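K.L.:
Let me give you the structure first, and then I'll get to my questions.
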There are 2 protein chains.
Amino acid sequence: MRPFGCARKDRDIFQIAKLADVARRAGVGNATASRALSGVGLVSEETRKRILKAARELNYQPNRSAQALKGGRSGMIGMVIPRMSDIFFASCVDAVQAVAMTNSSLLVVSATHDCSDRTMDAVKELLHHRVDGLVLALSEYLTPAMVRSLKTLPVPTVGIDAPLTKAGLPSVMIDNCSSAELATEHLVQHGYRRIISLQVNPELFTIQERHRGYERAMQSAGLPATQHVVEDRAAAEDLLRNCGRTGRDFALLAANEVAAKYVVAAAKQLRMNMPEDFGMISFDDFDLADAMETPLTVVKQPVGRIGEVAANLLFRGLNSEDGAAAKGGALETVLSAELVIRQSCGCKK
Amino acid sequence: MRPFGCARKDRDIFQIAKLADVARRAGVGNATASRALSGVGLVSEETRKRILKAARELNYQPNRSAQALKGGRSGMIGMVIPRMSDIFFASCVDAVQAVAMTNSSLLVVSATHDCSDRTMDAVKELLHHRVDGLVLALSEYLTPAMVRSLKTLPVPTVGIDAPLTKAGLPSVMIDNCSSAELATEHLVQHGYRRIISLQVNPELFTIQERHRGYERAMQSAGLPATQHVVEDRAAAEDLLRNCGRTGRDFALLAANEVAAKYVVAAAKQLRMNMPEDFGMISFDDFDLADAMETPLTVVKQPVGRIGEVAANLLFRGLNSEDGAAAKGGALETVLSAELVIRQSCGCKK
DNA sequence: TTTACAAATGGAATCGTTTCCACAGAACAG
DNA sequence: CTGTTCTGTGGAAACGATTCCATTTGTAAA
């Protein structure tokens with residue numbers, strides 16, 4: 001039984017030919033072969049064909065480590081996210097990976113698991129591995145030290161849902177503030193008066209933006225703004241017990257899918273119903289949001305698009321030598337979110 | 001406005017010192033510095049300390065590309081999965097990444113998006129990037145050609161939920177067959193007689209294993225086995241319309257979370273209720289499975305554990321030179337799944 | 001004191017690319 | 001016919017780490 005592989009050296013088996021092999025087979029020098037394959041520099045048409053043919057026959061693939069070492073592209077981009085187990089980030093990673101593949105790059109992911117010390121460490125580690133570019137989905141606020149570091153990042157970088165603009169880096173996101181304002185207004189129109197802004201990680205940038213939009217709407221409506229943090233289902237139950245029973249004008253704006261799920265579970269436990277006992281609109285659409293006991297009204301972000309746009313922005317910058325990604329465009333790309341109206345907000349089916 | 005980064009060369013800014021810098025600062029030769037830092041070879045205690053100090057002061061990190069090129073570790077492992085947007089795989093990736101981090105490695109992910117041609121291409125590409133090891137979550141059946149290739153993989157490799165045993169590679173999974181059998185028996189005990197095995201991707205290895213277990217249970221119970229494929233919600237609606245209305249003894253064994261979600265949505269549409277109109281047990285626990293109108297009975301896989309165990313197995317093999325991962329253990333590591341009984345199976349609350 | 005051996009060290013080759021530079025030959029203007 | 005320019009080409013020097021091997025030094029055995 002040979003459980004694992006064999007030695008690293010077997011070039012035959014996984015067909016690892018090197019440039020020199022190609023050059024020899026084509027009867028040319030190393031340098032010429034390199035030029036022909038990379039497409040830069042002068043090579044006569046005839047020679048180029050011979051070299052490409054040899055490369056094809058040997059199934060040649062350049063050694064990325066060597067390329068990276070020499071200072072060229074490593075063929076990898078890095079991505080930092082809080083965690084994978086969150087539809088939003090998982091979808092972003094999926095989209096970025098797809099775009100990376102199109103640009104014949106690989107994606108290296110690192111998750112911080114909400115430990116914000118990890119963020120810059122992750123970035124540094126990715127850089128030591130010579131990634132060609134970075135996608136940062138840092139929802140945390142940046143410390144001055146981080147801004148300073150990010151400003152001097154040696155590779156093209158784009159942010160997703162991240163306040164990277166401060167560091168002069170392009171980023172892609174929805175207009176969290178306006179979307180929250182819109183959603184809140186919708187709740188107000190349904191007659192809800194005691195509306196609470198609900199969050200799990202109140203310290204995050206996007207979450208605070210959403211809260212800001214909520215506040216704006218509440219102020220316009222002449223209603224008091226209240227912020228509440230639920231770290232788990234039990235906390236959601238407490239909240240519903242305290243507020244939900246005391247009148248018909250209670251509603252929640254859940255800042256993300258996690259908060260909404262806590263509330264749904266708590267409501268089930270307490271046998272409370274939406275929209276009768278309380279109303280709710282949540283950020284982030286999820287799989288069964290429309291097949292719940294009360295289909296959930298949500299602010300749906302174009303998750304796939306966000307990752308895709310960010311990655312494309314990155315590669316555009318990557319391919320135009322000195323990183324002219326944002327040239328001719330704003331630093332911040334704002335995609336529009338959609339209010340998907342179902343029933344938890346009070347709208348009839 | 002300087003949208004993207006600066007030139008690649010700035011070593012000052014992101015503190016990229018090289019070995020030679022460390023050596024110079026410590027007043028020793030290149031070779032000695034390397035030995036001291038990597039811990040192999042003879043270096044006097046005093047010199048070692050001086051070198052480590054210099055490295056710390058310069059914030060030295062080895063250039064992974066150079067290390068990889070020289071033939072050592074690249075400090076990266078690769079992972080191939082069908083897609084990210086699936087809790088099961090997302091959790092696996094999360095777990096593997098965490099273990100990789102512990103072993104100071106980075107994780108490179110590639111998704112095939114169910115295009116099985118992509119599988120071996122992804123593996124090859126990862127190998128060209130000189131990953132130190134591979135985690136393959138290929139739920140597809142292996143073609144003979146793939147088995148042949150996998151047998152000669154030049155790096156340690158473990159499988160997740162994948163039939164890699166045929167290629168002599170260790171893999172980690174739950175006992176899909178027995179779990180399905182158990183779940184089916186449970187439905188039978190509740191009096192369901194017309195039980196259908198429901199799947200989205202019937203060609204996948206794990207799914208077929210589950211179907212096999214279902215068949216075994218049905219046969220034991222003297223009941224006819226039926227397989228049904230639902231590719232979307234509409235298909236689930238058709239199924240429920242045809243079978244669910246005709247009696248009280250109808251139940252479904254959903255082979256995964258996706259199938260279950262289609263059914264739940266379809267049932268809502270048709271205003272059918274579990275467990276009265278039909279019963280269901282599904283593979284894969286998900287966030288709101290217990291907060292649905294009818295809390296779902298599920299076979300819960302230890303998702304996090306699977307990834308963790310697989311990754312640990314990989315690194316054990318990686319660290320013991322010639323890949324003795326499976327030494328002293330079976331090739332296949334089977335973790336136990338848990339039947340989480342809620343209400344969709346007919347059990348009272 | 002000489003010989004032998006071990007410990008500690010640095011020089012230089014190596015990994016596979018890219019790229020600078022020098023050189024050969026062709027084309028062309030003077 | 002002689003320079004000059006241009007096109008193609010290959011040799012060789014990087015890139016940054018590891019590692020073989022030779023060298024120096026210190027110490028113990030003969």
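All residue names refer to the structure tokens as shown: chains lettered A, B, ... in order, residues numbered from 1 in each chain, ligands numbered from 1 in order.
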Using only C-alpha atoms (C1' of nucleotides), which protein or nucleic acid residues come within 6 Å of region 178-191 of chain B? Drop anything in the same chain fewer than 4 positions from it, and give the result as a PDB file with all heavy atoms, in the first residue's frame.
P.N.:
ATOM      1  N   ARG B 210     -25.664   7.086  -0.821  1.00  0.00           N
ATOM      2  CA  ARG B 210     -26.875   7.311  -0.023  1.00  0.00           C
ATOM      3  C   ARG B 210     -28.048   6.542  -0.605  1.00  0.00           C
ATOM      4  O   ARG B 210     -28.836   5.950   0.124  1.00  0.00           O
ATOM      5  CB  ARG B 210     -27.185   8.816   0.044  1.00  0.00           C
ATOM      6  CG  ARG B 210     -26.176   9.541   0.904  1.00  0.00           C
ATOM      7  CD  ARG B 210     -26.232  11.052   0.802  1.00  0.00           C
ATOM      8  NE  ARG B 210     -24.974  11.598   1.362  1.00  0.00           N
ATOM      9  CZ  ARG B 210     -24.630  12.874   1.359  1.00  0.00           C
ATOM     10  NH1 ARG B 210     -25.437  13.784   0.852  1.00  0.00           N
ATOM     11  NH2 ARG B 210     -23.482  13.250   1.889  1.00  0.00           N
ATOM     12  N   GLY B 213     -27.842   2.911   0.370  1.00  0.00           N
ATOM     13  CA  GLY B 213     -28.313   2.649   1.726  1.00  0.00           C
ATOM     14  C   GLY B 213     -29.826   2.643   1.780  1.00  0.00           C
ATOM     15  O   GLY B 213     -30.450   1.797   2.456  1.00  0.00           O
ATOM     16  N   TYR B 214     -30.411   3.566   1.059  1.00  0.00           N
ATOM     17  CA  TYR B 214     -31.876   3.652   0.990  1.00  0.00           C
ATOM     18  C   TYR B 214     -32.451   2.365   0.430  1.00  0.00           C
ATOM     19  O   TYR B 214     -33.365   1.773   0.980  1.00  0.00           O
ATOM     20  CB  TYR B 214     -32.258   4.869   0.135  1.00  0.00           C
ATOM     21  CG  TYR B 214     -33.575   4.775  -0.572  1.00  0.00           C
ATOM     22  CD1 TYR B 214     -34.755   5.157   0.079  1.00  0.00           C
ATOM     23  CD2 TYR B 214     -33.649   4.331  -1.893  1.00  0.00           C
ATOM     24  CE1 TYR B 214     -35.977   5.085  -0.589  1.00  0.00           C
ATOM     25  CE2 TYR B 214     -34.852   4.258  -2.555  1.00  0.00           C
ATOM     26  CZ  TYR B 214     -36.022   4.629  -1.908  1.00  0.00           C
ATOM     27  OH  TYR B 214     -37.216   4.559  -2.566  1.00  0.00           O
ATOM     28  N   ALA B 217     -32.395  -0.507   2.872  1.00  0.00           N
ATOM     29  CA  ALA B 217     -33.444  -0.428   3.889  1.00  0.00           C
ATOM     30  C   ALA B 217     -34.798  -0.791   3.298  1.00  0.00           C
ATOM     31  O   ALA B 217     -35.597  -1.491   3.930  1.00  0.00           O
ATOM     32  CB  ALA B 217     -33.487   0.975   4.479  1.00  0.00           C
TER      33      ALA B 217
END
K.L.:
I need the chain C residues near chain B as a list in words; criterion: at most 7 Å, counting only C-alpha atoms (C1' of nucleotides).
P.N.:
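Those within range of chain B come out as DA8, DT9, DG10 and DC15 of chain C.
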K.L.:
Can those selected residues be exported to a file as a tab-separated table (two decimals), in the first residue's frame so that it contains N, CA, C and O atoms (P, O5', C5', C4', C3', O3' and C1' of nucleotides)?
P.N.:
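Written file, again_5.tsv:
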chain	number	residue	atom	x	y	z
C	8	DA	P	29.37	23.13	16.83
C	8	DA	O5'	29.92	24.09	15.69
C	8	DA	C5'	30.99	24.96	16.00
C	8	DA	C4'	31.35	25.75	14.77
C	8	DA	C3'	30.20	26.54	14.13
C	8	DA	O3'	30.59	27.90	14.14
C	8	DA	C1'	31.45	25.37	12.49
C	9	DT	P	29.54	29.02	13.58
C	9	DT	O5'	29.96	29.05	12.05
C	9	DT	C5'	31.14	29.77	11.70
C	9	DT	C4'	31.51	29.50	10.27
C	9	DT	C3'	30.61	30.13	9.23
C	9	DT	O3'	31.11	31.42	8.96
C	9	DT	C1'	31.53	28.01	8.57
C	10	DG	P	30.21	32.42	8.08
C	10	DG	O5'	30.78	32.18	6.63
C	10	DG	C5'	32.18	32.28	6.41
C	10	DG	C4'	32.50	31.77	5.01
C	10	DG	C3'	31.71	32.46	3.90
C	10	DG	O3'	32.62	32.66	2.82
C	10	DG	C1'	31.37	30.14	3.79
C	15	DC	P	19.70	21.96	-11.54
C	15	DC	O5'	18.27	22.54	-11.14
C	15	DC	C5'	17.55	22.00	-10.04
C	15	DC	C4'	16.48	22.98	-9.65
C	15	DC	C3'	15.80	23.62	-10.86
C	15	DC	O3'	14.62	22.88	-11.18
C	15	DC	C1'	16.31	25.23	-9.14
K.L.:
Would you kindly return, as a list of chain:residue names, each protein, DNA or RNA residue with an atom no farther than 10 Å from any atom of region 24-30 of chain C, considering only C-alpha atoms (C1' of nucleotides) and excluding same-chain residues fewer than 5 positions away?
P.N.:
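Final neighbour list, sorted by chain and number: D:DT2, D:DG3, D:DT4, D:DT5, D:DC6, D:DT7, D:DG8, D:DT9.
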K.L.:
For chain D, report every residue with an atom at most 12 Å from chain B (counting only C-alpha atoms (C1' of nucleotides)), formatted as a ChimeraX atom specification.
P.N.:
/D:15-20
K.L.:
Do a neighbour search on DA6 (chain C) at 10 Å with only C-alpha atoms (C1' of nucleotides), toss out local chain neighbours closer than 5 positions, and write the hits as a PyMOL selection string.
P.N.:
chain D and resi 26-28
K.L.:
Find the residues around region 265-281 of chain B up to 10 Å (only C-alpha atoms (C1' of nucleotides) counted), leave out those fewer than 6 positions away in its own chain, and share them as an MDAnalysis selection string.
P.N.:
(chainID A and resid 287:293 295) or (chainID B and resid 180 183:184 186:187 190:192 194:196 232:241 243:256 293:299 339:348)
K.L.:
For chain A, which residue among B:Asp161, B:Glu231, B:Asp132, B:Glu308 is the nearest when counting only C-alpha atoms?
P.N.:
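Nearest to chain A: B:Asp132.
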K.L.:
For Ser91 (chain B), please output as a list in words all residues within 10 Å (counting only C-alpha atoms (C1' of nucleotides); exclusion window: fewer than 4 positions along the same chain).
P.N.:
Arg83, Met84, Ser85, Asp86 and Ala90 of chain A; Met84, Asp86, Ile87, Ala95, Val96, Gln97, Pro302, Val303, Gly304, Arg305, Ile306, Gly307 and Glu308 of chain B
K.L.:
To test your reading of the structure, identify every residue in region 38-260 of chain B that backbone DSSP assigns to strand (DSSP E or B), and report it as a ChimeraX atom specification.
P.N.:
/B:76-81,106-111,133-136,140,157-160,171-174,194-199,204,226-229,250-254
K.L.:
As an exercise, work out the distance from CA of Ala36 (chain B) to C1' of DG16 (chain C) in Å and give it to one decimal place.
P.N.:
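C1' of DG16 (chain C) lies at a distance of 26.3 Å from CA of Ala36 (chain B).
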K.L.:
List the neighbours of Met76 (chain B) out to 9 Å using only C-alpha atoms (C1' of nucleotides); skip same-chain residues closer than 6 positions along the sequence, and give me the result as a PyMOL selection string.
P.N.:
(chain A and resi 108+129) or (chain B and resi 100+104-108+129-133)
